[in-house]
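Trainee: Next comes the structure file protein-v7.txt, holding compact mmCIF, C-alpha atoms.
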# COMPACT_ATOMS: atom_id res chain seq x y z
CA MET A 1 89.45 64.54 163.39
CA THR A 2 92.97 65.89 163.73
CA ARG A 3 93.21 69.61 164.24
CA ILE A 4 95.98 71.36 162.33
CA PRO A 5 97.34 74.36 164.17
CA ALA A 6 97.24 77.70 162.41
CA PRO A 7 100.59 78.82 161.10
CA THR A 8 102.36 81.18 163.42
CA VAL A 9 103.27 84.51 161.95
CA HIS A 10 106.45 85.95 163.35
CA LYS A 11 106.31 89.70 163.55
CA THR A 12 109.48 91.59 164.18
CA SER A 13 109.60 94.27 166.84
CA ARG A 14 109.95 96.88 164.11
CA ARG A 15 106.86 95.62 162.28
CA ARG A 16 104.94 95.84 165.54
CA SER A 17 106.32 99.36 166.01
CA ARG A 18 104.99 100.32 162.58
CA GLU A 19 101.58 98.82 163.39
CA PHE A 20 101.30 100.78 166.62
CA ALA A 21 102.59 103.94 164.94
CA MET A 22 99.93 103.52 162.24
CA GLN A 23 97.25 103.19 164.91
CA GLY A 24 98.62 106.27 166.65
CA LEU A 25 98.64 108.29 163.43
CA TYR A 26 95.08 107.19 162.78
CA GLN A 27 94.09 108.51 166.21
CA TRP A 28 96.04 111.73 165.62
CA GLN A 29 94.22 112.31 162.33
CA LEU A 30 90.75 111.68 163.70
CA ALA A 31 91.00 113.12 167.21
CA GLY A 32 94.00 115.46 167.07
CA THR A 33 95.59 113.76 170.06
CA ASP A 34 99.22 114.75 170.64
CA ALA A 35 102.09 112.29 170.21
CA SER A 36 102.99 111.95 173.90
CA THR A 37 99.38 111.15 174.89
CA ILE A 38 99.09 108.63 172.06
CA GLU A 39 102.37 107.03 173.09
CA SER A 40 101.18 106.66 176.69
CA GLN A 41 97.94 105.08 175.53
CA MET A 42 99.69 102.73 173.15
CA ALA A 43 102.19 101.68 175.81
CA ALA A 44 99.27 100.32 177.83
CA ALA A 45 97.89 98.31 174.90
CA ARG A 46 98.18 94.55 174.69
CA GLY A 47 101.23 93.48 172.67
CA PHE A 48 103.03 96.81 172.93
CA GLU A 49 105.81 95.24 175.00
CA LYS A 50 106.91 93.38 171.84
CA THR A 51 107.63 96.60 169.95
CA ASP A 52 110.93 98.36 169.50
CA ARG A 53 109.79 101.26 171.65
CA PRO A 54 112.44 103.80 170.61
CA TYR A 55 111.64 103.05 166.97
CA PHE A 56 107.90 103.39 167.59
CA SER A 57 108.47 106.71 169.36
CA SER A 58 110.62 107.98 166.52
CA LEU A 59 108.06 107.00 163.86
CA LEU A 60 105.06 108.39 165.69
CA ALA A 61 106.58 111.68 166.85
CA GLY A 62 108.50 112.19 163.61
CA ALA A 63 105.54 111.54 161.32
CA ILE A 64 103.33 113.88 163.35
CA ARG A 65 105.99 116.58 163.61
CA GLU A 66 106.84 116.39 159.90
CA ALA A 67 103.32 115.69 158.59
CA GLY A 68 103.18 118.84 156.46
CA ARG A 69 106.52 118.14 154.82
CA LEU A 70 105.68 114.46 154.33
CA GLU A 71 102.42 115.41 152.66
CA GLU A 72 104.31 117.74 150.31
CA SER A 73 106.76 114.92 149.47
CA LEU A 74 103.94 112.48 148.73
CA GLN A 75 101.56 114.80 146.86
CA PRO A 76 103.28 114.65 143.43
CA TYR A 77 102.78 110.86 143.43
CA LEU A 78 99.13 110.86 144.51
CA ASP A 79 96.12 110.89 142.19
CA ARG A 80 94.14 113.02 144.65
CA LYS A 81 94.75 115.36 147.53
CA CYS A 82 96.37 113.73 150.54
CA ALA A 83 93.39 114.74 152.69
CA GLU A 84 91.14 112.61 150.46
CA LEU A 85 93.03 109.39 151.24
CA SER A 86 91.64 107.05 153.84
CA PRO A 87 93.18 107.73 157.26
CA ILE A 88 94.77 104.26 157.20
CA GLU A 89 96.45 104.76 153.82
CA ARG A 90 97.58 108.25 154.82
CA ALA A 91 99.06 106.94 158.08
CA ILE A 92 100.90 104.14 156.25
CA LEU A 93 102.23 106.54 153.62
CA PHE A 94 103.39 109.02 156.28
CA ILE A 95 105.27 106.29 158.15
CA ALA A 96 106.95 105.00 154.99
CA ALA A 97 107.79 108.50 153.73
CA TYR A 98 109.26 109.31 157.12
CA GLU A 99 111.37 106.13 157.00
CA LEU A 100 112.54 106.80 153.45
CA GLU A 101 113.68 110.28 154.45
CA ASN A 102 115.07 109.59 157.92
CA GLN A 103 116.18 105.95 158.08
CA PRO A 104 118.85 105.48 155.40
CA ASP A 105 120.01 102.31 157.18
CA ILE A 106 116.74 100.60 156.19
CA PRO A 107 116.74 99.61 152.50
CA TYR A 108 113.96 101.24 150.49
CA ARG A 109 112.62 97.81 149.50
CA VAL A 110 112.10 96.97 153.18
CA VAL A 111 110.31 100.27 153.78
CA VAL A 112 108.01 99.71 150.81
CA ASN A 113 107.38 96.06 151.67
CA GLU A 114 106.52 96.88 155.29
CA ALA A 115 104.08 99.57 154.15
CA VAL A 116 102.46 97.18 151.67
CA GLU A 117 102.07 94.55 154.40
CA LEU A 118 100.41 97.11 156.68
CA ALA A 119 98.06 98.11 153.86
CA LYS A 120 97.19 94.46 153.19
CA SER A 121 96.37 93.91 156.86
CA TYR A 122 94.60 97.15 157.68
CA GLY A 123 93.71 98.99 154.47
CA GLY A 124 90.98 98.66 151.89
CA THR A 125 90.77 95.83 149.39
CA ASP A 126 93.29 97.15 146.88
CA GLY A 127 94.85 99.82 149.07
CA PHE A 128 98.14 97.95 149.14
CA LYS A 129 98.49 98.36 145.36
CA TYR A 130 98.03 102.11 145.67
CA VAL A 131 100.49 102.34 148.57
CA ASN A 132 103.03 100.31 146.60
CA GLY A 133 102.72 102.49 143.50
CA VAL A 134 103.06 105.75 145.42
CA LEU A 135 106.03 104.55 147.46
CA ASP A 136 107.87 103.10 144.45
CA LYS A 137 107.76 106.55 142.85
CA LEU A 138 108.71 108.35 146.07
CA ALA A 139 111.61 105.95 146.68
CA ALA A 140 112.93 106.55 143.16
CA PHE A 141 113.06 110.26 143.99
CA LYS A 142 114.31 110.02 147.60
CA ARG A 143 116.76 107.13 147.17
CA PRO A 144 117.84 107.01 143.52
CA HIS A 145 121.23 105.59 144.53
CA GLU A 146 119.51 102.41 145.80
CA ILE A 147 117.39 101.82 142.74
CA VAL A 148 118.95 99.98 139.85
CA ARG A 149 116.97 100.19 136.64
CA ARG A 150 117.22 97.28 134.24
Turn the structure described in the file into structure tokens.
Mentor:
Amino acid sequence: MTRIPAPTVHKTSRRRSREFAMQGLYQWQLAGTDASTIESQMAAARGFEKTDRPYFSSLLAGAIREAGRLEESLQPYLDRKCAELSPIERAILFIAAYELENQPDIPYRVVVNEAVELAKSYGGTDGFKYVNGVLDKLAAFKRPHEIVRR
């Protein structure tokens, strides 16, 4: 019997940065660990060397620092209080909201797609649909100049 190798999935250094930032935000939410401690712990994790470390640091520290403001930005587009979201969905939404507000060089479609991919990999069964819906609405508000309505 011939064995067919599994397809290799190429992850960019930025995608890896988002994954590690999501894990860090999860830890922050559950344990209250500060950003610098989380960053030190993540730096020792397997696969971290393949991240874009400055980008990871920016996402993690920025999302933690601006969590209150990010929650306020997201709340109008949520169907429940932000605190009632799963920690994974909340972490993903915080990262994407942070990127939409602070990374104008990254197209909103990329931000939304990356968040949806994280939700597909780490979130609940249909969590990616919820993340997509919330971020589409937030992007329309934060980046109306990028969105062309047909």
Trainee: Using all atoms listed in the file, pick whichever of A:Pro76, A:Gly62, A:Gly123, A:Pro87 has the shortest atom-to-atom distance to Asn102 in chain A.
Mentor: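 Under the stated criterion, the closest residue is A:Gly62.
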Trainee: Using 12 Å as the limit and counting only C-alpha atoms, can you tabulate each residue of range 1-76 of chain A that touches range 92-100 of chain A, with its shortest atom-to-atom distance in Å and the two atoms involved, as a Markdown table?
Mentor:
| residue | atom | partner | partner_atom | distance |
| --- | --- | --- | --- | --- |
| A:Arg14 | CA | A:Glu99 | CA | 11.8 |
| A:Arg15 | CA | A:Ile95 | CA | 11.6 |
| A:Ser17 | CA | A:Ile95 | CA | 10.5 |
| A:Arg18 | CA | A:Ile95 | CA | 7.4 |
| A:Glu19 | CA | A:Ile92 | CA | 8.9 |
| A:Phe20 | CA | A:Ile95 | CA | 10.9 |
| A:Ala21 | CA | A:Ile95 | CA | 7.7 |
| A:Met22 | CA | A:Ile92 | CA | 6.1 |
| A:Gln23 | CA | A:Ile92 | CA | 9.4 |
| A:Gly24 | CA | A:Ile95 | CA | 10.8 |
| A:Leu25 | CA | A:Ile92 | CA | 8.6 |
| A:Tyr26 | CA | A:Ile92 | CA | 9.3 |
| A:Gln29 | CA | A:Phe94 | CA | 11.5 |
| A:Tyr55 | CA | A:Glu99 | CA | 10.4 |
| A:Phe56 | CA | A:Ile95 | CA | 10.2 |
| A:Ser57 | CA | A:Ile95 | CA | 11.7 |
| A:Ser58 | CA | A:Tyr98 | CA | 9.6 |
| A:Leu59 | CA | A:Ile95 | CA | 6.4 |
| A:Leu60 | CA | A:Ile95 | CA | 7.8 |
| A:Ala61 | CA | A:Ile95 | CA | 10.3 |
| A:Gly62 | CA | A:Tyr98 | CA | 7.1 |
| A:Ala63 | CA | A:Phe94 | CA | 6.0 |
| A:Ile64 | CA | A:Phe94 | CA | 8.6 |
| A:Arg65 | CA | A:Tyr98 | CA | 10.3 |
| A:Glu66 | CA | A:Tyr98 | CA | 8.0 |
| A:Ala67 | CA | A:Phe94 | CA | 7.1 |
| A:Gly68 | CA | A:Phe94 | CA | 9.8 |
| A:Arg69 | CA | A:Tyr98 | CA | 9.5 |
| A:Leu70 | CA | A:Phe94 | CA | 6.2 |
| A:Glu71 | CA | A:Phe94 | CA | 7.4 |
| A:Glu72 | CA | A:Ala97 | CA | 10.4 |
| A:Ser73 | CA | A:Ala97 | CA | 7.8 |
| A:Leu74 | CA | A:Ala97 | CA | 7.5 |
| A:Gln75 | CA | A:Leu93 | CA | 10.7 |
Trainee: Could you work out an axis-aligned bounding box for all listed atoms of range 26-32 of chain A, with 5 Å added on each of the six sides, and give its centre and edge lengths in Å to one decimal, as lines of an AutoDock Vina configuration file?
Mentor:
center_x = 93.4
center_y = 111.3
center_z = 164.8
size_x = 15.3
size_y = 18.3
size_z = 14.9
Trainee: Between CA of Gly32 in chain A and CA of Asn132 in chain A, what is the distance in Å, rounded to a tenth?
Mentor: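 Going from CA of Gly32 in chain A over to CA of Asn132 in chain A, I get 27.0 Å.
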Trainee: Between A:Ser86, A:Val110, A:Ile147, A:Ser13, which is the closest to Tyr122 in chain A once you count all atoms listed in the file?
Mentor: A:Ser86
Trainee: To one decimal place in Å, what is the distance between CA of Ile106 in chain A and CA of Val148 in chain A?
Mentor: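 Here the two named atoms are 16.5 Å from each other.
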Trainee: Which one of A:Asp34, A:Glu101, A:Glu117, A:Asp126 sits closest to Ala139 in chain A if you count all atoms listed in the file?
Mentor: A:Glu101
Trainee: Rank nothing, just name the residue among A:Arg53, A:Leu30, A:Ala43, A:Glu89 nearest to Thr125 in chain A, using all atoms listed in the file.
Mentor: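 Using all atoms listed in the file, the shortest distance to Thr125 in chain A belongs to A:Glu89.
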Trainee: Between CA of Thr51 in chain A and CA of Thr12 in chain A, what is the distance, to one decimal in Å?
Mentor: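 Computed distance, CA of Thr51 in chain A to CA of Thr12 in chain A, equals 7.9 Å.
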Trainee: Given the choices A:Ala91, A:Leu78, A:Leu118, A:Ala45, which gets closest to Asp136 in chain A if the distance is worked out from all atoms listed in the file?
Mentor: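 Distance minimum relative to Asp136 in chain A lands on A:Leu78.
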Trainee: Would you kindly return, as a PyMOL selection string, each protein, DNA or RNA residue with an atom no farther than 7 Å from any atom of Leu138 in chain A, considering all atoms listed in the file and excluding same-chain residues fewer than 4 positions away?
Mentor: chain A and resi 74+77+134+142
Trainee: Might you pull out every residue within 9 Å of Val116 in chain A, with all atoms listed in the file counted and same-chain residues fewer than 2 positions away left off, and present them as an MDAnalysis selection string?
Mentor: chainID A and resid 92 111:114 118:121 127:132
Trainee: Given the choices A:Ser40, A:Ala31, A:Gly124, A:Asp105, which gets closest to Arg143 in chain A if the distance is worked out from all atoms listed in the file?
Mentor: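 Nearest to Arg143 in chain A: A:Asp105.
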